[in-house]
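Notes to accompany the following structure.
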Amino acid sequence: MSAERLLVDIEKRYPAFHLQVRLSVGAEVMVLYGPSGAGKTMTLRAIAGLLRPDRGEIWLDGRLLFRSDGRQRALNVPAHRRRVGLVFQDYALFPHLTALENVAFGLRGPGRREEALRWLRRMRLEHVAHHYPSQLSGGQKQRVAIARTLATAPSALLLDEPFSALDPDAKGRLQRELRELQAELGLPVLYVTHSLEDAFAVGHRIAVIAEGKVQQVGRLEEVLSSPASWQVARAFGLPNLVRARVRAAAADGLHLDWDGLELLAAPRDLPSGREVLAYIRPEEVRFIYPDRPLSAAVRHNRLRVRVVEQRLGRDFRLVRVRTVGPPWAELEVRSPPGTYGDLPLDPDSELEAAIRPAGIVVLEATGPPVEADH
């Protein structure tokens with residue numbers, strides 16, 4: 001990651017909600033991802049100076065924008081002096097001004113019109129410079145909004161669900177252009193979305209926020225494969241989330257009791273009897289060929305399953321199965337499309353599966369140890 005440019009450590013309390021955000025953003029596109037009501041927009045508004053936190057600090061390029069200890073205000077730089085650009089989902093363009101006039105609105109000096117026109121050219125909008133917002137497409141409106149924000153030379157760019165209302169083609173073009181602009185300008189960009197597709201398309205890293213707290217930060221592929229908590233897994237809508245109890249932590253791994261089925265997970269130091277939440281990676285569930293020798297990948301965590309449904313995509317095969325017997329759970333099995341073509345995977349077909357220990361990610365302990373059964 002590049003050097004930290006935007007540092008946020010803030011807290012804001014409401015009667016039914018508590019925002020606690022710690023975040024550092026470099027010269028990158030950082031995706032702030034989470035469900036509705038998680039605190040994403042609230043975080044952007046606090047950084048932009050439109051919402052005053054109760055306590056904490058906000059720094060941008062070594063400049064202190066906000067500081068409060070919760071008892072008395074020490075510093076709160078007004079929004080118009082923060083050099084933070086904020087782009088909204090609904091464009092927020094002035095309907096009575098042309099595209100050129102909208103971009104020039106926040107500029108000062110004799111060259112403001114020429115500078116606005118330069119940004120319209122950069123956003124490929126010179127041909128609609130004299131059109132009003134009502135004459136523009138959704139993609140063009142959002143380009144004007146971005147041009148207007150960048151024309152003021154912000155030190156950071158914040159985007160709140162900016163492309164969610166656009167058609168797929170326009171969204172794809174703007175996602176690519178955003179990555180190009182970030183690389184060209186070297187800005188820290190914080191991009192709010194609840195869409196994984198958007199996160200993959202624009203983000204260098206992702207910060208998952210749930211229940212007012214940043215739960216995990218990292219590269220998207222890493223966070224998806226190894227979620228740090230139940231909240232992160234739930235925010236992603238991940239399948240194969242199970243509750244289990246620790247039987248023992250041994251040299252070969254963590255032994256779990258999943259409703260009567262013993263599982264071996266990757267090593268982790270947890271006490272016996274501890275209730276845990278775990279994520280079974282769909283790509284680490286393997287079907288066993290009955291007429292072949294067992295490979296190392298299918299020697300542990302074997303269970304009988306019955307096929308519920310199968311979906312075959314261009315680059316994946318997804319099979320949903322239900323265990324035959326306890327724990328009576330459904331699992332998703334994901335593999336490349338060319339695998340298992342000669343196995344019976346029609347609905348109600350019964351076969352054996354195995355879960356690789358490294359594919360069982362223990363997310364968190366849910367309570368104190370409980371006395372084991374005797």
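Starting from 1 in every chain, residues are counted up; chains themselves are A, B, ... following the order of the structure tokens, and ligands are numbered from 1 as listed.
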
As a PDB file with N, CA, C and O atoms, in the first residue's frame, please: every residue in region 121-323 of chain A that a backbone DSSP assignment puts in alpha helix (DSSP H).
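Dumped everything to part-v2.pdb:
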```pdb
ATOM      1  N   ARG A 121     -13.298  18.354 -21.254  1.00  0.00           N
ATOM      2  CA  ARG A 121     -12.562  17.600 -22.277  1.00  0.00           C
ATOM      3  C   ARG A 121     -11.984  16.332 -21.674  1.00  0.00           C
ATOM      4  O   ARG A 121     -12.023  15.267 -22.295  1.00  0.00           O
ATOM      5  N   ARG A 122     -11.411  16.456 -20.472  1.00  0.00           N
ATOM      6  CA  ARG A 122     -10.817  15.279 -19.823  1.00  0.00           C
ATOM      7  C   ARG A 122     -11.847  14.190 -19.582  1.00  0.00           C
ATOM      8  O   ARG A 122     -11.553  12.994 -19.673  1.00  0.00           O
ATOM      9  N   GLY A 138     -27.671   9.727 -17.732  1.00  0.00           N
ATOM     10  CA  GLY A 138     -27.195   9.523 -16.367  1.00  0.00           C
ATOM     11  C   GLY A 138     -25.685   9.472 -16.287  1.00  0.00           C
ATOM     12  O   GLY A 138     -25.069  10.063 -15.382  1.00  0.00           O
ATOM     13  N   GLY A 139     -25.051   8.783 -17.230  1.00  0.00           N
ATOM     14  CA  GLY A 139     -23.592   8.727 -17.239  1.00  0.00           C
ATOM     15  C   GLY A 139     -22.958  10.075 -17.465  1.00  0.00           C
ATOM     16  O   GLY A 139     -21.933  10.413 -16.844  1.00  0.00           O
ATOM     17  N   GLN A 140     -23.549  10.870 -18.356  1.00  0.00           N
ATOM     18  CA  GLN A 140     -23.010  12.208 -18.606  1.00  0.00           C
ATOM     19  C   GLN A 140     -23.167  13.105 -17.378  1.00  0.00           C
ATOM     20  O   GLN A 140     -22.256  13.876 -17.047  1.00  0.00           O
ATOM     21  N   LYS A 141     -24.310  13.003 -16.706  1.00  0.00           N
ATOM     22  CA  LYS A 141     -24.493  13.792 -15.478  1.00  0.00           C
ATOM     23  C   LYS A 141     -23.440  13.454 -14.441  1.00  0.00           C
ATOM     24  O   LYS A 141     -22.870  14.343 -13.793  1.00  0.00           O
ATOM     25  N   GLN A 142     -23.140  12.158 -14.275  1.00  0.00           N
ATOM     26  CA  GLN A 142     -22.164  11.774 -13.269  1.00  0.00           C
ATOM     27  C   GLN A 142     -20.762  12.220 -13.670  1.00  0.00           C
ATOM     28  O   GLN A 142     -19.953  12.604 -12.820  1.00  0.00           O
ATOM     29  N   ARG A 143     -20.473  12.206 -14.976  1.00  0.00           N
ATOM     30  CA  ARG A 143     -19.182  12.729 -15.435  1.00  0.00           C
ATOM     31  C   ARG A 143     -19.051  14.217 -15.134  1.00  0.00           C
ATOM     32  O   ARG A 143     -17.991  14.695 -14.749  1.00  0.00           O
ATOM     33  N   VAL A 144     -20.139  14.964 -15.350  1.00  0.00           N
ATOM     34  CA  VAL A 144     -20.117  16.398 -15.026  1.00  0.00           C
ATOM     35  C   VAL A 144     -19.890  16.586 -13.528  1.00  0.00           C
ATOM     36  O   VAL A 144     -19.091  17.444 -13.113  1.00  0.00           O
ATOM     37  N   ALA A 145     -20.561  15.779 -12.709  1.00  0.00           N
ATOM     38  CA  ALA A 145     -20.404  15.898 -11.256  1.00  0.00           C
ATOM     39  C   ALA A 145     -18.963  15.618 -10.844  1.00  0.00           C
ATOM     40  O   ALA A 145     -18.394  16.306  -9.980  1.00  0.00           O
ATOM     41  N   ILE A 146     -18.343  14.600 -11.441  1.00  0.00           N
ATOM     42  CA  ILE A 146     -16.949  14.281 -11.120  1.00  0.00           C
ATOM     43  C   ILE A 146     -16.025  15.391 -11.615  1.00  0.00           C
ATOM     44  O   ILE A 146     -15.096  15.801 -10.902  1.00  0.00           O
ATOM     45  N   ALA A 147     -16.271  15.894 -12.825  1.00  0.00           N
ATOM     46  CA  ALA A 147     -15.451  16.984 -13.362  1.00  0.00           C
ATOM     47  C   ALA A 147     -15.542  18.214 -12.462  1.00  0.00           C
ATOM     48  O   ALA A 147     -14.530  18.872 -12.184  1.00  0.00           O
ATOM     49  N   ARG A 148     -16.760  18.546 -12.016  1.00  0.00           N
ATOM     50  CA  ARG A 148     -16.940  19.707 -11.132  1.00  0.00           C
ATOM     51  C   ARG A 148     -16.143  19.536  -9.841  1.00  0.00           C
ATOM     52  O   ARG A 148     -15.522  20.489  -9.340  1.00  0.00           O
ATOM     53  N   THR A 149     -16.136  18.332  -9.288  1.00  0.00           N
ATOM     54  CA  THR A 149     -15.409  18.072  -8.047  1.00  0.00           C
ATOM     55  C   THR A 149     -13.905  18.142  -8.259  1.00  0.00           C
ATOM     56  O   THR A 149     -13.183  18.785  -7.492  1.00  0.00           O
ATOM     57  N   LEU A 150     -13.401  17.507  -9.319  1.00  0.00           N
ATOM     58  CA  LEU A 150     -11.960  17.471  -9.547  1.00  0.00           C
ATOM     59  C   LEU A 150     -11.407  18.821  -9.998  1.00  0.00           C
ATOM     60  O   LEU A 150     -10.231  19.118  -9.787  1.00  0.00           O
ATOM     61  N   ALA A 151     -12.240  19.651 -10.607  1.00  0.00           N
ATOM     62  CA  ALA A 151     -11.786  20.970 -11.053  1.00  0.00           C
ATOM     63  C   ALA A 151     -11.333  21.850  -9.896  1.00  0.00           C
ATOM     64  O   ALA A 151     -10.526  22.762 -10.076  1.00  0.00           O
ATOM     65  N   PRO A 168     -25.524  -0.889 -17.071  1.00  0.00           N
ATOM     66  CA  PRO A 168     -24.248  -1.611 -16.966  1.00  0.00           C
ATOM     67  C   PRO A 168     -23.131  -1.064 -17.849  1.00  0.00           C
ATOM     68  O   PRO A 168     -21.973  -0.995 -17.415  1.00  0.00           O
ATOM     69  N   ASP A 169     -23.446  -0.676 -19.090  1.00  0.00           N
ATOM     70  CA  ASP A 169     -22.401  -0.165 -19.977  1.00  0.00           C
ATOM     71  C   ASP A 169     -21.815   1.145 -19.464  1.00  0.00           C
ATOM     72  O   ASP A 169     -20.590   1.330 -19.425  1.00  0.00           O
ATOM     73  N   ALA A 170     -22.696   2.068 -19.070  1.00  0.00           N
ATOM     74  CA  ALA A 170     -22.223   3.356 -18.551  1.00  0.00           C
ATOM     75  C   ALA A 170     -21.457   3.159 -17.249  1.00  0.00           C
ATOM     76  O   ALA A 170     -20.423   3.806 -17.020  1.00  0.00           O
ATOM     77  N   LYS A 171     -21.945   2.262 -16.416  1.00  0.00           N
ATOM     78  CA  LYS A 171     -21.263   1.988 -15.150  1.00  0.00           C
ATOM     79  C   LYS A 171     -19.862   1.444 -15.402  1.00  0.00           C
ATOM     80  O   LYS A 171     -18.895   1.886 -14.780  1.00  0.00           O
ATOM     81  N   GLY A 172     -19.733   0.493 -16.322  1.00  0.00           N
ATOM     82  CA  GLY A 172     -18.427  -0.083 -16.619  1.00  0.00           C
ATOM     83  C   GLY A 172     -17.442   0.955 -17.125  1.00  0.00           C
ATOM     84  O   GLY A 172     -16.260   0.955 -16.729  1.00  0.00           O
ATOM     85  N   ARG A 173     -17.906   1.847 -18.002  1.00  0.00           N
ATOM     86  CA  ARG A 173     -17.011   2.881 -18.536  1.00  0.00           C
ATOM     87  C   ARG A 173     -16.542   3.825 -17.428  1.00  0.00           C
ATOM     88  O   ARG A 173     -15.353   4.177 -17.354  1.00  0.00           O
ATOM     89  N   LEU A 174     -17.463   4.236 -16.565  1.00  0.00           N
ATOM     90  CA  LEU A 174     -17.096   5.162 -15.496  1.00  0.00           C
ATOM     91  C   LEU A 174     -16.197   4.498 -14.457  1.00  0.00           C
ATOM     92  O   LEU A 174     -15.320   5.152 -13.877  1.00  0.00           O
ATOM     93  N   GLN A 175     -16.407   3.217 -14.203  1.00  0.00           N
ATOM     94  CA  GLN A 175     -15.521   2.508 -13.274  1.00  0.00           C
ATOM     95  C   GLN A 175     -14.091   2.503 -13.791  1.00  0.00           C
ATOM     96  O   GLN A 175     -13.144   2.758 -13.038  1.00  0.00           O
ATOM     97  N   ARG A 176     -13.931   2.221 -15.080  1.00  0.00           N
ATOM     98  CA  ARG A 176     -12.583   2.237 -15.671  1.00  0.00           C
ATOM     99  C   ARG A 176     -11.981   3.641 -15.628  1.00  0.00           C
ATOM    100  O   ARG A 176     -10.789   3.808 -15.323  1.00  0.00           O
ATOM    101  N   GLU A 177     -12.796   4.648 -15.930  1.00  0.00           N
ATOM    102  CA  GLU A 177     -12.294   6.025 -15.931  1.00  0.00           C
ATOM    103  C   GLU A 177     -11.892   6.469 -14.530  1.00  0.00           C
ATOM    104  O   GLU A 177     -10.924   7.226 -14.365  1.00  0.00           O
ATOM    105  N   LEU A 178     -12.636   6.007 -13.518  1.00  0.00           N
ATOM    106  CA  LEU A 178     -12.280   6.372 -12.148  1.00  0.00           C
ATOM    107  C   LEU A 178     -10.911   5.823 -11.781  1.00  0.00           C
ATOM    108  O   LEU A 178     -10.088   6.526 -11.180  1.00  0.00           O
ATOM    109  N   ARG A 179     -10.637   4.566 -12.143  1.00  0.00           N
ATOM    110  CA  ARG A 179      -9.324   3.993 -11.869  1.00  0.00           C
ATOM    111  C   ARG A 179      -8.232   4.779 -12.602  1.00  0.00           C
ATOM    112  O   ARG A 179      -7.156   5.033 -12.057  1.00  0.00           O
ATOM    113  N   GLU A 180      -8.507   5.177 -13.859  1.00  0.00           N
ATOM    114  CA  GLU A 180      -7.531   5.955 -14.627  1.00  0.00           C
ATOM    115  C   GLU A 180      -7.276   7.316 -13.982  1.00  0.00           C
ATOM    116  O   GLU A 180      -6.125   7.769 -13.874  1.00  0.00           O
ATOM    117  N   LEU A 181      -8.355   7.982 -13.549  1.00  0.00           N
ATOM    118  CA  LEU A 181      -8.211   9.288 -12.920  1.00  0.00           C
ATOM    119  C   LEU A 181      -7.422   9.194 -11.620  1.00  0.00           C
ATOM    120  O   LEU A 181      -6.568  10.041 -11.331  1.00  0.00           O
ATOM    121  N   GLN A 182      -7.702   8.176 -10.829  1.00  0.00           N
ATOM    122  CA  GLN A 182      -6.984   8.015  -9.567  1.00  0.00           C
ATOM    123  C   GLN A 182      -5.491   7.833  -9.826  1.00  0.00           C
ATOM    124  O   GLN A 182      -4.658   8.429  -9.145  1.00  0.00           O
ATOM    125  N   ALA A 183      -5.162   6.983 -10.809  1.00  0.00           N
ATOM    126  CA  ALA A 183      -3.751   6.747 -11.121  1.00  0.00           C
ATOM    127  C   ALA A 183      -3.084   8.019 -11.646  1.00  0.00           C
ATOM    128  O   ALA A 183      -1.926   8.322 -11.324  1.00  0.00           O
ATOM    129  N   GLU A 184      -3.827   8.779 -12.431  1.00  0.00           N
ATOM    130  CA  GLU A 184      -3.280  10.009 -13.022  1.00  0.00           C
ATOM    131  C   GLU A 184      -3.046  11.080 -11.968  1.00  0.00           C
ATOM    132  O   GLU A 184      -2.015  11.768 -11.974  1.00  0.00           O
ATOM    133  N   LEU A 185      -3.990  11.230 -11.040  1.00  0.00           N
ATOM    134  CA  LEU A 185      -3.930  12.316 -10.067  1.00  0.00           C
ATOM    135  C   LEU A 185      -3.270  11.905  -8.753  1.00  0.00           C
ATOM    136  O   LEU A 185      -2.881  12.777  -7.965  1.00  0.00           O
ATOM    137  N   LEU A 196     -20.716  -5.940  -4.503  1.00  0.00           N
ATOM    138  CA  LEU A 196     -19.425  -6.612  -4.665  1.00  0.00           C
ATOM    139  C   LEU A 196     -18.870  -6.408  -6.072  1.00  0.00           C
ATOM    140  O   LEU A 196     -17.664  -6.317  -6.274  1.00  0.00           O
ATOM    141  N   GLU A 197     -19.767  -6.345  -7.053  1.00  0.00           N
ATOM    142  CA  GLU A 197     -19.333  -6.119  -8.434  1.00  0.00           C
ATOM    143  C   GLU A 197     -18.594  -4.789  -8.541  1.00  0.00           C
ATOM    144  O   GLU A 197     -17.539  -4.692  -9.169  1.00  0.00           O
ATOM    145  N   ASP A 198     -19.158  -3.745  -7.931  1.00  0.00           N
ATOM    146  CA  ASP A 198     -18.489  -2.444  -7.925  1.00  0.00           C
ATOM    147  C   ASP A 198     -17.147  -2.522  -7.204  1.00  0.00           C
ATOM    148  O   ASP A 198     -16.151  -1.945  -7.654  1.00  0.00           O
ATOM    149  N   ALA A 199     -17.127  -3.215  -6.080  1.00  0.00           N
ATOM    150  CA  ALA A 199     -15.901  -3.314  -5.294  1.00  0.00           C
ATOM    151  C   ALA A 199     -14.782  -3.955  -6.106  1.00  0.00           C
ATOM    152  O   ALA A 199     -13.642  -3.484  -6.106  1.00  0.00           O
ATOM    153  N   PHE A 200     -15.095  -5.048  -6.814  1.00  0.00           N
ATOM    154  CA  PHE A 200     -14.095  -5.711  -7.647  1.00  0.00           C
ATOM    155  C   PHE A 200     -13.641  -4.811  -8.788  1.00  0.00           C
ATOM    156  O   PHE A 200     -12.473  -4.809  -9.175  1.00  0.00           O
ATOM    157  N   ALA A 201     -14.567  -4.033  -9.357  1.00  0.00           N
ATOM    158  CA  ALA A 201     -14.250  -3.239 -10.547  1.00  0.00           C
ATOM    159  C   ALA A 201     -13.367  -2.040 -10.242  1.00  0.00           C
ATOM    160  O   ALA A 201     -12.548  -1.659 -11.082  1.00  0.00           O
ATOM    161  N   VAL A 202     -13.509  -1.427  -9.088  1.00  0.00           N
ATOM    162  CA  VAL A 202     -12.804  -0.162  -8.837  1.00  0.00           C
ATOM    163  C   VAL A 202     -11.775  -0.222  -7.721  1.00  0.00           C
ATOM    164  O   VAL A 202     -10.853   0.594  -7.689  1.00  0.00           O
ATOM    165  N   LEU A 220      -9.378  -7.306  -1.737  1.00  0.00           N
ATOM    166  CA  LEU A 220     -10.696  -7.915  -1.783  1.00  0.00           C
ATOM    167  C   LEU A 220     -10.612  -9.442  -1.792  1.00  0.00           C
ATOM    168  O   LEU A 220     -11.364 -10.122  -1.075  1.00  0.00           O
ATOM    169  N   GLU A 221      -9.695  -9.993  -2.587  1.00  0.00           N
ATOM    170  CA  GLU A 221      -9.582 -11.443  -2.669  1.00  0.00           C
ATOM    171  C   GLU A 221      -9.211 -12.035  -1.317  1.00  0.00           C
ATOM    172  O   GLU A 221      -9.724 -13.095  -0.922  1.00  0.00           O
ATOM    173  N   GLU A 222      -8.334 -11.350  -0.573  1.00  0.00           N
ATOM    174  CA  GLU A 222      -7.910 -11.839   0.735  1.00  0.00           C
ATOM    175  C   GLU A 222      -9.049 -11.782   1.748  1.00  0.00           C
ATOM    176  O   GLU A 222      -9.240 -12.708   2.534  1.00  0.00           O
ATOM    177  N   VAL A 223      -9.801 -10.688   1.729  1.00  0.00           N
ATOM    178  CA  VAL A 223     -10.892 -10.536   2.688  1.00  0.00           C
ATOM    179  C   VAL A 223     -12.004 -11.548   2.398  1.00  0.00           C
ATOM    180  O   VAL A 223     -12.591 -12.122   3.316  1.00  0.00           O
ATOM    181  N   LEU A 224     -12.278 -11.782   1.116  1.00  0.00           N
ATOM    182  CA  LEU A 224     -13.305 -12.758   0.756  1.00  0.00           C
ATOM    183  C   LEU A 224     -12.918 -14.171   1.162  1.00  0.00           C
ATOM    184  O   LEU A 224     -13.758 -14.953   1.622  1.00  0.00           O
ATOM    185  N   SER A 225     -11.646 -14.528   0.986  1.00  0.00           N
ATOM    186  CA  SER A 225     -11.220 -15.890   1.285  1.00  0.00           C
ATOM    187  C   SER A 225     -10.991 -16.116   2.769  1.00  0.00           C
ATOM    188  O   SER A 225     -11.123 -17.240   3.255  1.00  0.00           O
ATOM    189  N   TRP A 230     -17.697 -12.812  11.801  1.00  0.00           N
ATOM    190  CA  TRP A 230     -19.033 -13.175  11.341  1.00  0.00           C
ATOM    191  C   TRP A 230     -19.686 -12.009  10.616  1.00  0.00           C
ATOM    192  O   TRP A 230     -20.376 -12.181   9.620  1.00  0.00           O
ATOM    193  N   GLN A 231     -19.463 -10.783  11.124  1.00  0.00           N
ATOM    194  CA  GLN A 231     -20.057  -9.610  10.481  1.00  0.00           C
ATOM    195  C   GLN A 231     -19.546  -9.427   9.058  1.00  0.00           C
ATOM    196  O   GLN A 231     -20.288  -9.043   8.161  1.00  0.00           O
ATOM    197  N   VAL A 232     -18.252  -9.689   8.838  1.00  0.00           N
ATOM    198  CA  VAL A 232     -17.691  -9.564   7.499  1.00  0.00           C
ATOM    199  C   VAL A 232     -18.301 -10.604   6.575  1.00  0.00           C
ATOM    200  O   VAL A 232     -18.717 -10.304   5.448  1.00  0.00           O
ATOM    201  N   ALA A 233     -18.359 -11.853   7.029  1.00  0.00           N
ATOM    202  CA  ALA A 233     -18.946 -12.923   6.218  1.00  0.00           C
ATOM    203  C   ALA A 233     -20.394 -12.613   5.884  1.00  0.00           C
ATOM    204  O   ALA A 233     -20.851 -12.812   4.756  1.00  0.00           O
ATOM    205  N   ARG A 234     -21.137 -12.103   6.844  1.00  0.00           N
ATOM    206  CA  ARG A 234     -22.547 -11.777   6.614  1.00  0.00           C
ATOM    207  C   ARG A 234     -22.693 -10.599   5.665  1.00  0.00           C
ATOM    208  O   ARG A 234     -23.593 -10.572   4.821  1.00  0.00           O
ATOM    209  N   ALA A 235     -21.785  -9.617   5.767  1.00  0.00           N
ATOM    210  CA  ALA A 235     -21.842  -8.469   4.863  1.00  0.00           C
ATOM    211  C   ALA A 235     -21.638  -8.897   3.424  1.00  0.00           C
ATOM    212  O   ALA A 235     -22.229  -8.337   2.498  1.00  0.00           O
ATOM    213  N   PHE A 236     -20.781  -9.892   3.207  1.00  0.00           N
ATOM    214  CA  PHE A 236     -20.541 -10.404   1.862  1.00  0.00           C
ATOM    215  C   PHE A 236     -21.615 -11.385   1.410  1.00  0.00           C
ATOM    216  O   PHE A 236     -21.638 -11.784   0.239  1.00  0.00           O
TER     217      PHE A 236
END
```

Review point. Region 24-35 of chain A: which residues within 8 Å, counting only C-alpha atoms, same-chain residues fewer than 4 positions away excluded, as a ChimeraX atom specification?
Key: /A:1-8,40,179,182-183,186-195,199,202-210,235-236

Requested write-out: N, CA, C and O atoms of the selected residues, as a compact mmCIF listing (two decimals), in the first residue's frame:
```txt
# COMPACT_ATOMS: atom_id res chain seq x y z
N MET A 1 0.84 -1.20 0.00
CA MET A 1 0.00 0.00 0.00
C MET A 1 0.87 1.24 0.00
O MET A 1 1.96 1.25 0.56
N SER A 2 0.41 2.32 -0.64
CA SER A 2 1.14 3.58 -0.63
C SER A 2 1.05 4.22 0.75
O SER A 2 0.30 3.78 1.62
N ALA A 3 1.87 5.29 0.96
CA ALA A 3 1.90 5.96 2.25
C ALA A 3 0.51 6.49 2.60
O ALA A 3 -0.27 6.89 1.74
N GLU A 4 0.22 6.49 3.88
CA GLU A 4 -1.09 6.95 4.33
C GLU A 4 -1.27 8.43 4.01
O GLU A 4 -0.40 9.25 4.27
N ARG A 5 -2.41 8.75 3.43
CA ARG A 5 -2.73 10.14 3.09
C ARG A 5 -3.92 10.65 3.91
O ARG A 5 -3.93 11.80 4.35
N LEU A 6 -4.93 9.80 4.05
CA LEU A 6 -6.14 10.16 4.78
C LEU A 6 -6.26 9.25 5.99
O LEU A 6 -6.30 8.02 5.87
N LEU A 7 -6.28 9.85 7.18
CA LEU A 7 -6.37 9.10 8.44
C LEU A 7 -7.64 9.50 9.16
O LEU A 7 -7.88 10.69 9.41
N VAL A 8 -8.46 8.51 9.49
CA VAL A 8 -9.74 8.75 10.14
C VAL A 8 -9.84 7.90 11.40
O VAL A 8 -9.63 6.68 11.36
N LYS A 40 -21.73 3.91 6.28
CA LYS A 40 -20.85 4.30 5.16
C LYS A 40 -20.99 5.78 4.82
O LYS A 40 -19.99 6.53 4.79
N ARG A 179 -10.64 4.57 -12.14
CA ARG A 179 -9.32 3.99 -11.87
C ARG A 179 -8.23 4.78 -12.60
O ARG A 179 -7.16 5.03 -12.06
N GLN A 182 -7.70 8.18 -10.83
CA GLN A 182 -6.98 8.01 -9.57
C GLN A 182 -5.49 7.83 -9.83
O GLN A 182 -4.66 8.43 -9.14
N ALA A 183 -5.16 6.98 -10.81
CA ALA A 183 -3.75 6.75 -11.12
C ALA A 183 -3.08 8.02 -11.65
O ALA A 183 -1.93 8.32 -11.32
N GLY A 186 -3.17 10.60 -8.50
CA GLY A 186 -2.55 10.12 -7.26
C GLY A 186 -3.33 10.49 -6.01
O GLY A 186 -2.74 10.70 -4.94
N LEU A 187 -4.65 10.53 -6.12
CA LEU A 187 -5.49 10.93 -4.99
C LEU A 187 -5.86 9.73 -4.12
O LEU A 187 -6.03 8.62 -4.62
N PRO A 188 -6.05 9.96 -2.82
CA PRO A 188 -6.75 8.96 -2.02
C PRO A 188 -8.25 9.05 -2.33
O PRO A 188 -8.83 10.13 -2.29
N VAL A 189 -8.84 7.91 -2.71
CA VAL A 189 -10.24 7.87 -3.09
C VAL A 189 -10.97 6.89 -2.17
O VAL A 189 -10.53 5.75 -2.01
N LEU A 190 -12.04 7.34 -1.57
CA LEU A 190 -12.88 6.48 -0.73
C LEU A 190 -14.22 6.33 -1.44
O LEU A 190 -14.94 7.31 -1.66
N TYR A 191 -14.53 5.08 -1.81
CA TYR A 191 -15.67 4.79 -2.69
C TYR A 191 -16.67 3.92 -1.93
O TYR A 191 -16.37 2.78 -1.58
N VAL A 192 -17.84 4.45 -1.66
CA VAL A 192 -18.87 3.73 -0.91
C VAL A 192 -19.73 2.91 -1.85
O VAL A 192 -20.19 3.40 -2.88
N THR A 193 -19.95 1.65 -1.50
CA THR A 193 -20.86 0.80 -2.27
C THR A 193 -21.34 -0.35 -1.40
O THR A 193 -20.71 -0.70 -0.40
N HIS A 194 -22.48 -0.94 -1.80
CA HIS A 194 -22.90 -2.20 -1.18
C HIS A 194 -22.91 -3.31 -2.24
O HIS A 194 -23.47 -4.37 -2.02
N SER A 195 -22.24 -3.04 -3.38
CA SER A 195 -22.19 -3.99 -4.49
C SER A 195 -20.80 -4.60 -4.60
O SER A 195 -19.81 -3.88 -4.77
N ALA A 199 -17.13 -3.22 -6.08
CA ALA A 199 -15.90 -3.31 -5.29
C ALA A 199 -14.78 -3.96 -6.11
O ALA A 199 -13.64 -3.48 -6.11
N VAL A 202 -13.51 -1.43 -9.09
CA VAL A 202 -12.80 -0.16 -8.84
C VAL A 202 -11.78 -0.22 -7.72
O VAL A 202 -10.85 0.59 -7.69
N GLY A 203 -11.90 -1.15 -6.79
CA GLY A 203 -11.12 -1.06 -5.57
C GLY A 203 -9.73 -1.67 -5.64
O GLY A 203 -9.54 -2.74 -6.20
N HIS A 204 -8.77 -0.98 -5.05
CA HIS A 204 -7.46 -1.58 -4.77
C HIS A 204 -7.54 -2.37 -3.46
O HIS A 204 -6.98 -3.46 -3.35
N ARG A 205 -8.21 -1.78 -2.47
CA ARG A 205 -8.45 -2.46 -1.20
C ARG A 205 -9.89 -2.22 -0.78
O ARG A 205 -10.58 -1.35 -1.32
N ILE A 206 -10.33 -2.98 0.20
CA ILE A 206 -11.70 -2.86 0.69
C ILE A 206 -11.69 -2.76 2.21
O ILE A 206 -10.88 -3.41 2.88
N ALA A 207 -12.56 -1.91 2.73
CA ALA A 207 -12.81 -1.81 4.17
C ALA A 207 -14.26 -2.20 4.39
O ALA A 207 -15.16 -1.54 3.86
N VAL A 208 -14.48 -3.27 5.11
CA VAL A 208 -15.84 -3.76 5.36
C VAL A 208 -16.35 -3.12 6.64
O VAL A 208 -15.73 -3.25 7.70
N ILE A 209 -17.48 -2.44 6.54
CA ILE A 209 -18.08 -1.79 7.70
C ILE A 209 -19.42 -2.44 7.99
O ILE A 209 -20.21 -2.70 7.08
N ALA A 210 -19.65 -2.75 9.24
CA ALA A 210 -20.91 -3.34 9.69
C ALA A 210 -21.18 -2.88 11.11
O ALA A 210 -20.26 -2.76 11.92
N ALA A 235 -21.79 -9.62 5.77
CA ALA A 235 -21.84 -8.47 4.86
C ALA A 235 -21.64 -8.90 3.42
O ALA A 235 -22.23 -8.34 2.50
N PHE A 236 -20.78 -9.89 3.21
CA PHE A 236 -20.54 -10.40 1.86
C PHE A 236 -21.62 -11.38 1.41
O PHE A 236 -21.64 -11.78 0.24
```

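Comparing A:Phe94, A:Arg112, A:Leu117, A:Thr41 by their smallest distance to Leu159 (chain A), the closest is A:Thr41 (using only C-alpha atoms).
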
Review point. Neighbours of Arg22 (chain A) within 7 Å (only C-alpha atoms; same-chain residues fewer than 6 positions away dropped), as a ChimeraX atom specification?
Key: /A:8-10,214

**Study point:** Distance query region 359-365 of chain A at most 9 Å, only C-alpha atoms, self and fewer than 2 positions along chain excluded, as a PyMOL selection string
**Key:** chain A and resi 225-230+233+263-266+268+270+274-285+355-357+367-368

Check your understanding: What does the distance from CA of Val321 (chain A) to CA of Val305 (chain A) come to in Å, to one decimal?
Key ->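 Atom-to-atom, CA of Val321 (chain A) to CA of Val305 (chain A), that is 6.0 Å.
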
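For Gly39 (chain A), the non-local neighbours within 9 Å, defined as residues at least 6 positions apart in the same chain or in other chains and counting only C-alpha atoms, are Phe17, His18, Leu19, Gln20, Val21, Ile209, Ala210, Glu211, Gly212 and Lys213 of chain A.
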